[in-house]
>>> print(open('final36.json').read())   # JSON, C-alpha atoms and all ligand atoms
[["chain", "number", "residue", "atom", "x", "y", "z"],
["A", 1108, "MET", "CA", 0.00, 0.00, 0.00],
["A", 1109, "THR", "CA", 1.48, 3.35, -1.00],
["A", 1110, "PHE", "CA", 0.41, 6.92, -0.45],
["A", 1111, "CYS", "CA", 1.26, 9.27, -3.28],
["A", 1112, "ALA", "CA", 2.30, 12.85, -2.58],
["A", 1113, "SER", "CA", 0.42, 13.00, 0.71],
["A", 1114, "GLY", "CA", 3.26, 11.84, 2.93],
["A", 1115, "PRO", "CA", 6.39, 9.79, 3.07],
["A", 1116, "VAL", "CA", 6.17, 6.17, 2.09],
["A", 1117, "ARG", "CA", 6.89, 3.93, 5.03],
["A", 1118, "LYS", "CA", 10.30, 2.44, 4.54],
["A", 1119, "SER", "CA", 13.49, 2.39, 6.57],
["A", 1120, "ALA", "CA", 15.08, 5.55, 5.11],
["A", 1121, "VAL", "CA", 12.61, 8.27, 4.33],
["A", 1122, "GLU", "CA", 13.70, 11.30, 2.36],
["A", 1123, "CYS", "CA", 12.45, 14.84, 2.91],
["A", 1124, "ILE", "CA", 10.39, 16.07, -0.03],
["A", 1125, "TYR", "CA", 11.80, 19.60, 0.41],
["A", 1126, "CYS", "CA", 15.55, 19.23, 0.87],
["A", 1127, "THR", "CA", 16.26, 15.47, 0.50],
["A", 1128, "GLY", "CA", 17.35, 15.32, 4.15],
["A", 1129, "THR", "CA", 16.51, 12.27, 6.22],
["A", 1130, "LEU", "CA", 13.18, 12.07, 8.00],
["A", 1131, "VAL", "CA", 13.27, 10.85, 11.58],
["A", 1132, "ARG", "CA", 10.28, 9.45, 13.40],
["A", 1133, "LYS", "CA", 9.49, 11.56, 16.47],
["A", 1134, "PRO", "CA", 6.64, 13.26, 18.28],
["A", 1135, "VAL", "CA", 6.21, 16.96, 17.61],
["A", 1136, "SER", "CA", 3.96, 19.61, 19.04],
["A", 1137, "TYR", "CA", 1.19, 20.57, 16.65],
["A", 1138, "THR", "CA", -0.46, 23.98, 16.87],
["A", 1139, "VAL", "CA", -3.69, 24.95, 15.15],
["A", 1140, "SER", "CA", -5.22, 28.41, 15.21],
["A", 1141, "ARG", "CA", -8.86, 28.41, 14.35],
["A", 1142, "ARG", "CA", -11.60, 30.94, 14.63],
["A", 1143, "GLY", "CA", -12.44, 31.08, 18.31],
["A", 1144, "TYR", "CA", -9.73, 28.82, 19.72],
["A", 1145, "HIS", "CA", -6.17, 27.58, 19.50],
["A", 1146, "LEU", "CA", -5.30, 23.94, 19.87],
["A", 1147, "ILE", "CA", -1.87, 22.65, 20.81],
["A", 1148, "VAL", "CA", -1.29, 18.92, 20.80],
["A", 1149, "ASP", "CA", 1.97, 18.21, 22.61],
["A", 1150, "ALA", "CA", 3.03, 15.00, 20.97],
["A", 1151, "VAL", "CA", 1.79, 14.09, 17.53],
["A", 1152, "PRO", "CA", 3.72, 11.28, 15.85],
["A", 1153, "ALA", "CA", 5.46, 12.70, 12.78],
["A", 1154, "TRP", "CA", 8.39, 12.39, 10.44],
["A", 1155, "VAL", "CA", 10.78, 15.28, 10.99],
["A", 1156, "CYS", "CA", 13.58, 16.23, 8.60],
["A", 1157, "ASP", "CA", 17.01, 16.31, 10.24],
["A", 1158, "GLN", "CA", 18.05, 19.18, 7.98],
["A", 1159, "CYS", "CA", 15.16, 21.61, 7.48],
["A", 1160, "GLU", "CA", 13.03, 20.36, 10.40],
["A", 1161, "GLU", "CA", 9.95, 20.18, 8.22],
["A", 1162, "ALA", "CA", 7.43, 17.84, 9.82],
["A", 1163, "LEU", "CA", 5.25, 15.46, 7.87],
["A", 1164, "PHE", "CA", 2.35, 13.80, 9.60],
["A", 1165, "ASP", "CA", 0.96, 10.34, 9.13],
["A", 1166, "GLU", "CA", -2.43, 10.00, 7.53],
["A", 1167, "GLU", "CA", -3.87, 8.61, 10.79],
["A", 1168, "ALA", "CA", -2.50, 11.55, 12.78],
["A", 1169, "VAL", "CA", -3.91, 14.04, 10.28],
["A", 1170, "ARG", "CA", -7.27, 12.31, 10.34],
["A", 1171, "ALA", "CA", -7.32, 12.22, 14.15],
["A", 1172, "ILE", "CA", -6.56, 15.94, 14.32],
["A", 1173, "GLN", "CA", -9.20, 16.75, 11.73],
["A", 1174, "ASP", "CA", -11.73, 14.76, 13.74],
["A", 1175, "MET", "CA", -10.72, 16.66, 16.87],
["A", 1176, "LEU", "CA", -11.05, 20.01, 15.11],
["A", 1177, "ALA", "CA", -14.46, 19.12, 13.69],
["A", 1178, "GLU", "CA", -15.64, 18.20, 17.17],
["A", 1179, "ILE", "CA", -14.17, 21.33, 18.80],
["A", 1180, "ASP", "CA", -15.59, 23.53, 16.01],
["A", 1181, "ARG", "CA", -19.05, 22.19, 16.80],
["A", 1182, "ARG", "CA", -18.65, 22.77, 20.53],
["A", 1183, "VAL", "CA", -17.11, 26.22, 20.20],
["A", 1184, "GLU", "CA", -20.01, 27.25, 17.98],
["A", 1185, "SER", "CA", -22.50, 26.05, 20.55],
["A", 1186, "LEU", "CA", -20.63, 28.00, 23.24],
["A", 1187, "SER", "CA", -20.84, 31.31, 21.41],
["A", 1188, "PRO", "CA", -24.31, 31.82, 19.96],
["A", 1189, "SER", "CA", -23.72, 35.55, 19.52],
["A", 1190, "PRO", "CA", -20.23, 36.18, 18.12],
["A", 1191, "VAL", "CA", -18.45, 39.25, 19.46],
["A", 1192, "LEU", "CA", -16.79, 41.44, 16.85],
["A", 1193, "ALA", "CA", -18.36, 39.53, 13.98],
["A", 1201, "ZN", "ZN", 14.12, 18.72, 4.74]]
>>> encode(input="final36.json", output="structure tokens")
Amino acid sequence: MTFCASGPVRKSAVECIYCTGTLVRKPVSYTVSRRGYHLIVDAVPAWVCDQCEEALFDEEAVRAIQDMLAEIDRRVESLSPSPVLA
């Protein structure tokens, strides 16, 4: 099973798509700024380039974060029925 263009293919040596550096598996902090809130996830599993430090996230991690954001979006909306400074 391969994923085209959406992330590194899982093999022992993964190359950075930006600088051809080597991607290393490690958790990184992921910050999202949305309308009405900011979300910081301390440790999201990712592939991080040892040269340019660009982080690429696994499909599962991206999906999990998107699910989280969808859920938080819904709840934030229900918290603020009358937006200030709309
Ligand atoms: Zn790189």
>>> closest_residue(input="final36.json", among="A:Glu1166, A:Glu1160, A:Asp1174, A:Glu1184", to="ligand ZN 1201 (chain A)", atoms="all atoms listed in the file")
A:Glu1160
>>> residues_around(input="final36.json", residues="Gly1143 of chain A", least_positions_apart="5", cutoff="9 Å", atoms="only C-alpha atoms", output="MDAnalysis selection string")
chainID A and resid 1180 1183:1184 1187
>>> closest_residue(input="final36.json", among="A:Leu1163, A:Ile1179, A:Ser1185, A:Gln1158", to="Gly1128 of chain A", atoms="all atoms listed in the file")
A:Gln1158
>>> closest_residue(input="final36.json", among="A:Ile1147, A:Trp1154, A:Cys1159, A:Ile1124", to="Met1175 of chain A", atoms="all atoms listed in the file")
A:Ile1147
>>> atom_distance(input="final36.json", atom1="atom CA of Asp1149 of chain A", atom2="atom CA of Ser1136 of chain A")
4.3 Å
>>> closest_residue(input="final36.json", among="A:Val1121, A:Ala1168, A:Leu1176, A:Ala1162", to="His1145 of chain A", atoms="only C-alpha atoms")
A:Leu1176
>>> closest_residue(input="final36.json", among="A:Val1155, A:Ala1177, A:Cys1123, A:Leu1186", to="Val1135 of chain A", atoms="all atoms listed in the file")
A:Val1155
>>> closest_residue(input="final36.json", among="A:Cys1156, A:Arg1141, A:Arg1170, A:Arg1182", to="ligand ZN 1201 (chain A)", atoms="all atoms listed in the file")
A:Cys1156
>>> axis_aligned_box(input="final36.json", around="segment 1119-1129 of chain A", padding_each_side="4 Å", output="JSON")
{"center_x": 13.9, "center_y": 11.0, "center_z": 3.3, "size_x": 15.0, "size_y": 25.2, "size_z": 14.6}
>>> residues_near_point(input="final36.json", point="(2.5, 11.5, 13.2)", cutoff="7 Å", atoms="all atoms listed in the file", output="JSON list (two decimals) with C-alpha atoms, in the frame of the given file")
[["chain", "number", "residue", "atom", "x", "y", "z"],
["A", 1134, "PRO", "CA", 6.64, 13.26, 18.28],
["A", 1151, "VAL", "CA", 1.79, 14.09, 17.53],
["A", 1152, "PRO", "CA", 3.72, 11.28, 15.85],
["A", 1153, "ALA", "CA", 5.46, 12.70, 12.78],
["A", 1154, "TRP", "CA", 8.39, 12.39, 10.44],
["A", 1164, "PHE", "CA", 2.35, 13.80, 9.60],
["A", 1165, "ASP", "CA", 0.96, 10.34, 9.13],
["A", 1168, "ALA", "CA", -2.50, 11.55, 12.78]]
>>> atom_distance(input="final36.json", atom1="atom CA of Ser1140 of chain A", atom2="atom CA of Glu1178 of chain A")
14.7 Å
>>> atom_distance(input="final36.json", atom1="atom CA of Lys1133 of chain A", atom2="atom CA of Glu1161 of chain A")
11.9 Å
